Amino acid sequence: MTQTAGVQSWCMGVMLSLVLAAALHQGFATDAPPTAQTTTAPRPDPARPERGNYNVTNSNGTTCLLAYMGLQLNISYNSVSHNKTMQEVVNIKPNEMSASGSCSTEKAVLLLTAEGEKTNLTFVFALNTTTSKYHLSEVALSAAWPDMKEPVSVRNSSVDFLRGSLGHSYMCREEQTLPVSLALSINTFQVQVQPFGLKGNQFGAAEECQLDVDNLLIPIIVGAALAGLVLIVLLAYLIGRKRSHAGYQTI
């Protein structure tokens with residue numbers, strides 16, 4: 001009797017499943033398919049930019065600024081072809097850039113120019129002679145690309161990035177994003193720069209950025225935690241073994 005009831009319950013379950021599947025199928029069949037929407041596929045972001053060597057030479061022929069870095073622009077502009085504001089990620093190509101600039105006691109300027117001066121990217125470093133610390137204090141960009149309705153001109157003279165000490169270079173292996181304005185931010189890759197206190201044509205001792213320091217500390221902390229865990233397990237094993245031996249008395 002119990003077996004018969006079980007078979008009946010199983011049959012009822014199968015029938016209910018078939019009815020539910022048929023109802024769902026009918027519902028999908030009668031629903032009108034959604035209207036297809038045509039959208040413009042976003043342009044894929046470019047790969048990591050190539051690192052470029054840039055330097056600035058004083059009037060006496062000595063190098064006063066060295067930079068070795070990959071640069072990438074996150075830029076917004078009014079597009080002619082799309083008739084709307086576009087946001088693009090554009091790599092700075094070192095082989096298309098020419099570097100120039102100037103240096104004084106408290107100010108160093110790096111100007112990167114490309115495509116017949118259609119792109120001008122300026123970095124200005126300031127030195128505090130009291131603290132012997134420098135930082136990137138100003139960034140400017142002017143660009144007149146073919147698809148732009150009007151040229152883009154951005155300048156921010158109150159930024160505070162890439163901080164270092166006089167006679168030392170600033171280094172950051174990790175990717176950083178430097179916000180300049182609502183229309184522009186700059187990604188830096190494996191940057192090393194020194195605007196003051198150069199000796200010869202070489203970087204001074206590098207000062208690592210906080211991102212690099214944090215990424216170096218993480219594996220050290222994880223390794224120390226694992227070592228501590230292994231030590232705790234070993235001590236627990238030794239204590240347990242000692243207690244088990246203490247339970248046996250010599251007769």
# chains A, B, ... in the order shown; residues from 1 in each chain; ligands from 1
$ residues_around --residues "segment 73-81 of chain A" --least-positions-apart "2" --cutoff "7 Å" --atoms "only C-alpha atoms" --output "PDB file with C-alpha atoms, in the first residue's frame"
ATOM      1  CA  LEU A  71      51.590  58.008 -19.886  1.00  0.00           C
ATOM      2  CA  ASN A  83      28.006  64.742 -32.252  1.00  0.00           C
ATOM      3  CA  LYS A  84      28.321  64.231 -28.503  1.00  0.00           C
ATOM      4  CA  THR A  85      30.855  64.294 -25.688  1.00  0.00           C
ATOM      5  CA  MET A  86      33.266  61.392 -25.945  1.00  0.00           C
ATOM      6  CA  GLN A  87      35.475  59.935 -23.237  1.00  0.00           C
ATOM      7  CA  GLU A  88      38.593  58.273 -24.541  1.00  0.00           C
ATOM      8  CA  VAL A  89      41.720  56.643 -23.182  1.00  0.00           C
ATOM      9  CA  VAL A  90      44.705  57.624 -25.301  1.00  0.00           C
ATOM     10  CA  ASN A  91      48.289  56.421 -24.961  1.00  0.00           C
ATOM     11  CA  ASP A 147      37.557  64.779 -34.395  1.00  0.00           C
ATOM     12  CA  MET A 148      37.321  67.625 -31.861  1.00  0.00           C
ATOM     13  CA  LYS A 149      34.690  70.309 -32.437  1.00  0.00           C
ATOM     14  CA  VAL A 152      40.700  71.094 -25.503  1.00  0.00           C
ATOM     15  CA  ALA A 183      37.797  66.588 -18.560  1.00  0.00           C
ATOM     16  CA  LEU A 184      41.244  65.109 -17.908  1.00  0.00           C
ATOM     17  CA  SER A 185      43.101  62.638 -15.755  1.00  0.00           C
ATOM     18  CA  ILE A 186      46.471  61.049 -16.445  1.00  0.00           C
ATOM     19  CA  ASN A 187      47.480  57.446 -15.818  1.00  0.00           C
TER      20      ASN A 187
END
$ residues_around --residues "Gly200 of chain A" --least-positions-apart "3" --cutoff "10 Å" --atoms "only C-alpha atoms" --output "PyMOL selection string"
chain A and resi 62-64+197+203-204
$ select_by_dssp --residues "segment 138-224 of chain A" --states "alpha helix (DSSP H)" --output "list in words"
Gln210, Leu211, Asp212, Val213, Asp214, Asn215, Leu216, Leu217, Ile218, Pro219, Ile220, Ile221, Val222, Gly223 and Ala224 of chain A
$ write_last_selection --atoms "all heavy atoms" --output "compact mmCIF listing (two decimals), in the first residue's frame"
# COMPACT_ATOMS: atom_id res chain seq x y z
N GLN A 210 53.87 55.13 -2.01
CA GLN A 210 53.17 54.37 -0.98
C GLN A 210 52.54 53.11 -1.54
O GLN A 210 52.45 52.08 -0.87
CB GLN A 210 52.11 55.25 -0.32
CG GLN A 210 51.50 54.65 0.94
CD GLN A 210 52.52 54.38 2.02
OE1 GLN A 210 53.37 55.22 2.30
NE2 GLN A 210 52.46 53.20 2.62
N LEU A 211 52.08 53.16 -2.80
CA LEU A 211 51.48 51.97 -3.42
C LEU A 211 52.47 50.83 -3.50
O LEU A 211 52.13 49.67 -3.22
CB LEU A 211 50.98 52.32 -4.83
CG LEU A 211 49.67 53.11 -4.93
CD1 LEU A 211 49.43 53.53 -6.37
CD2 LEU A 211 48.50 52.31 -4.39
N ASP A 212 53.71 51.14 -3.88
CA ASP A 212 54.74 50.10 -3.95
C ASP A 212 55.06 49.55 -2.58
O ASP A 212 55.26 48.35 -2.39
CB ASP A 212 56.01 50.66 -4.60
CG ASP A 212 55.86 50.87 -6.09
OD1 ASP A 212 54.83 50.46 -6.64
OD2 ASP A 212 56.76 51.46 -6.71
N VAL A 213 55.12 50.44 -1.59
CA VAL A 213 55.42 50.02 -0.21
C VAL A 213 54.33 49.08 0.30
O VAL A 213 54.61 48.04 0.88
CB VAL A 213 55.57 51.25 0.71
CG1 VAL A 213 55.73 50.81 2.16
CG2 VAL A 213 56.78 52.08 0.30
N ASP A 214 53.06 49.46 0.05
CA ASP A 214 51.94 48.62 0.51
C ASP A 214 51.97 47.25 -0.15
O ASP A 214 51.75 46.23 0.50
CB ASP A 214 50.61 49.31 0.22
CG ASP A 214 50.42 50.57 1.07
OD1 ASP A 214 51.13 50.71 2.07
OD2 ASP A 214 49.57 51.40 0.70
N ASN A 215 52.24 47.21 -1.46
CA ASN A 215 52.27 45.94 -2.18
C ASN A 215 53.45 45.08 -1.74
O ASN A 215 53.41 43.85 -1.85
CB ASN A 215 52.35 46.18 -3.68
CG ASN A 215 51.03 46.64 -4.26
OD1 ASN A 215 49.99 46.46 -3.64
ND2 ASN A 215 51.06 47.24 -5.42
N LEU A 216 54.51 45.70 -1.25
CA LEU A 216 55.64 44.94 -0.72
C LEU A 216 55.33 44.39 0.66
O LEU A 216 55.76 43.28 1.01
CB LEU A 216 56.88 45.84 -0.67
CG LEU A 216 58.19 45.20 -0.18
CD1 LEU A 216 58.62 44.08 -1.13
CD2 LEU A 216 59.29 46.24 -0.04
N LEU A 217 54.55 45.13 1.44
CA LEU A 217 54.25 44.69 2.80
C LEU A 217 53.26 43.53 2.83
O LEU A 217 53.32 42.68 3.73
CB LEU A 217 53.67 45.87 3.61
CG LEU A 217 54.66 46.95 4.04
CD1 LEU A 217 53.92 48.09 4.73
CD2 LEU A 217 55.72 46.38 4.98
N ILE A 218 52.35 43.48 1.86
CA ILE A 218 51.31 42.44 1.88
C ILE A 218 51.89 41.03 1.88
O ILE A 218 51.53 40.21 2.74
CB ILE A 218 50.33 42.64 0.70
CG1 ILE A 218 49.48 43.88 0.94
CG2 ILE A 218 49.44 41.41 0.50
CD1 ILE A 218 48.60 44.26 -0.24
N PRO A 219 52.82 40.67 0.96
CA PRO A 219 53.37 39.31 1.02
C PRO A 219 54.18 39.06 2.29
O PRO A 219 54.23 37.93 2.79
CB PRO A 219 54.25 39.22 -0.23
CG PRO A 219 54.51 40.62 -0.65
CD PRO A 219 53.31 41.40 -0.22
N ILE A 220 54.81 40.11 2.82
CA ILE A 220 55.57 39.94 4.07
C ILE A 220 54.62 39.61 5.22
O ILE A 220 54.88 38.71 6.03
CB ILE A 220 56.39 41.22 4.38
CG1 ILE A 220 57.47 41.42 3.31
CG2 ILE A 220 57.01 41.14 5.76
CD1 ILE A 220 58.25 42.71 3.47
N ILE A 221 53.50 40.34 5.29
CA ILE A 221 52.53 40.10 6.36
C ILE A 221 51.91 38.71 6.22
O ILE A 221 51.77 37.97 7.21
CB ILE A 221 51.44 41.18 6.33
CG1 ILE A 221 52.05 42.54 6.70
CG2 ILE A 221 50.30 40.84 7.28
CD1 ILE A 221 51.11 43.71 6.50
N VAL A 222 51.55 38.33 4.99
CA VAL A 222 50.97 37.01 4.77
C VAL A 222 51.97 35.91 5.13
O VAL A 222 51.62 34.92 5.78
CB VAL A 222 50.52 36.86 3.31
CG1 VAL A 222 50.10 35.43 3.01
CG2 VAL A 222 49.38 37.82 3.01
N GLY A 223 53.22 36.10 4.74
CA GLY A 223 54.25 35.11 5.06
C GLY A 223 54.46 34.98 6.56
O GLY A 223 54.60 33.87 7.09
N ALA A 224 54.47 36.13 7.26
CA ALA A 224 54.64 36.10 8.72
C ALA A 224 53.45 35.41 9.39
O ALA A 224 53.63 34.64 10.35
CB ALA A 224 54.80 37.52 9.24
$ residues_around --residues "Arg163 of chain A" --least-positions-apart "5" --cutoff "9 Å" --atoms "only C-alpha atoms" --output "compact mmCIF listing (two decimals) with N, CA, C and O atoms, in the first residue's frame"
# COMPACT_ATOMS: atom_id res chain seq x y z
N LYS A 133 62.01 69.48 -0.39
CA LYS A 133 61.03 68.55 -0.96
C LYS A 133 60.47 69.15 -2.26
O LYS A 133 60.27 70.36 -2.36
N TYR A 134 60.21 68.29 -3.24
CA TYR A 134 59.59 68.75 -4.47
C TYR A 134 58.31 67.96 -4.74
O TYR A 134 58.08 66.89 -4.16
N HIS A 135 57.48 68.49 -5.64
CA HIS A 135 56.25 67.79 -6.03
C HIS A 135 55.79 68.33 -7.38
O HIS A 135 56.19 69.41 -7.81
N LEU A 136 54.95 67.55 -8.03
CA LEU A 136 54.31 67.99 -9.27
C LEU A 136 53.21 68.98 -8.88
O LEU A 136 52.23 68.61 -8.24
N TYR A 170 61.76 60.14 -7.67
CA TYR A 170 60.48 59.58 -7.26
C TYR A 170 60.21 58.37 -8.15
O TYR A 170 60.32 58.45 -9.37
N CYS A 209 56.95 55.00 -3.96
CA CYS A 209 55.64 55.54 -3.64
C CYS A 209 54.94 54.62 -2.64
O CYS A 209 55.33 53.47 -2.44
$ closest_residue --among "A:Asn58, A:Ala206, A:Asn156, A:Leu65" --to "Gln194 of chain A" --atoms "only C-alpha atoms"
A:Leu65
$ atom_distance --atom1 "atom CA of Glu96 of chain A" --atom2 "atom CA of Glu115 of chain A"
7.1 Å
$ residues_around --residues "Glu106 of chain A" --least-positions-apart "4" --cutoff "8 Å" --atoms "only C-alpha atoms" --output "list in words"
Ala126, Leu127, Asn128 and Thr129 of chain A
$ atom_distance --atom1 "atom CA of Lys107 of chain A" --atom2 "atom CA of Val124 of chain A"
7.0 Å
$ select_by_dssp --residues "segment 52-149 of chain A" --states "strand (DSSP E)" --output "ChimeraX atom specification"
/A:52-57,63-79,84-91,97-103,107-114,119-128,133-143
$ atom_distance --atom1 "atom CA of Leu166 of chain A" --atom2 "atom CA of Val180 of chain A"
24.5 Å
$ closest_residue --among "A:Gly167, A:Pro49, A:Pro195, A:Pro179" --to "Phe125 of chain A" --atoms "only C-alpha atoms"
A:Pro195
